[in-house]
file structure_0.txt (compact mmCIF, C-alpha atoms)
# COMPACT_ATOMS: atom_id res chain seq x y z
CA MET R 1 0.00 0.00 0.00
CA LEU R 2 2.78 2.43 0.87
CA SER R 3 4.54 1.89 -2.43
CA ALA R 4 1.35 2.64 -4.37
CA LEU R 5 0.77 5.80 -2.34
CA SER R 6 4.37 6.85 -2.74
CA GLU R 7 4.13 6.37 -6.50
CA GLU R 8 1.03 8.57 -6.76
CA ILE R 9 2.60 11.29 -4.62
CA ASP R 10 5.78 11.20 -6.71
CA LEU R 11 3.71 11.54 -9.90
CA TRP R 12 1.92 14.53 -8.40
CA LEU R 13 5.15 16.20 -7.37
CA ASP R 14 6.52 15.76 -10.90
CA LYS R 15 3.35 17.21 -12.49
CA GLU R 16 2.94 20.02 -9.98
CA SER R 17 5.86 22.14 -11.13
CA SER R 18 4.76 22.11 -14.79
CA ILE R 19 1.16 23.26 -14.20
CA GLN R 20 0.76 26.92 -15.15
CA ASP R 21 -2.83 27.95 -14.38
CA GLY R 22 -4.90 27.57 -11.23
CA TYR R 23 -7.77 25.60 -12.79
CA SER R 24 -5.48 22.88 -14.13
CA TYR R 25 -3.62 22.77 -10.81
CA GLU R 26 -6.82 22.23 -8.84
CA THR R 27 -8.14 19.68 -11.32
CA GLU R 28 -4.94 17.63 -11.21
CA PHE R 29 -4.76 17.94 -7.43
CA ILE R 30 -8.33 16.69 -7.02
CA ASN R 31 -7.71 13.78 -9.40
CA THR R 32 -4.57 12.81 -7.49
CA ALA R 33 -6.39 13.08 -4.15
CA ARG R 34 -9.15 10.81 -5.47
CA LYS R 35 -6.60 8.23 -6.62
CA VAL R 36 -4.88 8.32 -3.22
CA ASN R 37 -8.23 7.96 -1.43
CA HIS R 38 -9.17 5.04 -3.66
CA ILE R 39 -5.86 3.30 -2.93
CA LEU R 40 -6.25 3.85 0.82
CA LEU R 41 -9.82 2.55 0.91
CA SER R 42 -9.25 -0.44 -1.36
CA LYS R 43 -6.11 -1.58 0.46
CA SER R 44 -7.47 -1.07 3.98
CA LEU R 45 -10.69 -3.07 3.63
CA GLY R 46 -10.80 -6.38 5.44
CA SER R 47 -12.09 -9.68 4.18
CA VAL R 48 -15.80 -10.16 3.59
CA SER R 49 -17.56 -12.18 6.25
CA THR R 50 -19.09 -15.50 5.26
CA ASN R 51 -22.06 -14.89 7.57
CA ARG R 52 -23.44 -11.38 7.21
CA ASN R 53 -25.66 -11.81 10.29
CA LYS R 54 -22.75 -12.59 12.63
CA LYS R 55 -22.06 -9.90 15.18
CA ASN R 56 -18.51 -8.74 15.71
CA PHE R 57 -18.80 -8.15 19.43
CA MET R 58 -15.89 -7.08 21.56
CA PRO R 59 -16.47 -6.49 25.28
CA ALA R 60 -15.59 -3.02 26.52
CA SER R 61 -12.86 -4.44 28.76
CA GLU R 62 -11.16 -5.98 25.70
CA SER R 63 -11.19 -2.75 23.71
CA LEU R 64 -9.39 -0.85 26.48
CA LYS R 65 -6.31 -3.07 26.32

call {"tool": "encode", "arguments": {"input": "structure_0.txt", "output": "structure tokens"}}
result
Amino acid sequence: MLSALSEEIDLWLDKESSIQDGYSYETEFINTARKVNHILLSKSLGSVSTNRNKKNFMPASESLK
């Protein structure tokens, strides 16, 4: 995940210096931010449960550890 994020940030840093007008800068920045968000969300999702009715219960005492 970190390598994919690093690659996107490096691409943005390379493009950033060549952008001349504000509209293009904001458009490219938003597109890069969307790509980074997509990478973060897709790589951080866990596995899909086999039983969608199963509760993932953790007692309060366990969560404080």

call {"tool": "atom_distance", "arguments": {"input": "structure_0.txt", "atom1": "atom CA of Leu40 of chain R", "atom2": "atom CA of Ser18 of chain R"}}
result
26.4 Å

call {"tool": "residues_around", "arguments": {"input": "structure_0.txt", "residues": "Thr32 of chain R", "least_positions_apart": "2", "cutoff": "8 Å", "atoms": "all atoms listed in the file", "output": "PyMOL selection string"}}
result
chain R and resi 8-9+12+28-30+34-36

call {"tool": "atom_distance", "arguments": {"input": "structure_0.txt", "atom1": "atom CA of Ser42 of chain R", "atom2": "atom CA of Ser3 of chain R"}}
result
14.0 Å

call {"tool": "atom_distance", "arguments": {"input": "structure_0.txt", "atom1": "atom CA of Asn31 of chain R", "atom2": "atom CA of Ala4 of chain R"}}
result
15.2 Å

call {"tool": "residues_around", "arguments": {"input": "structure_0.txt", "residues": "Leu2 of chain R", "least_positions_apart": "3", "cutoff": "10 Å", "atoms": "all atoms listed in the file", "output": "ChimeraX atom specification"}}
result
/R:5-8,39-40,43
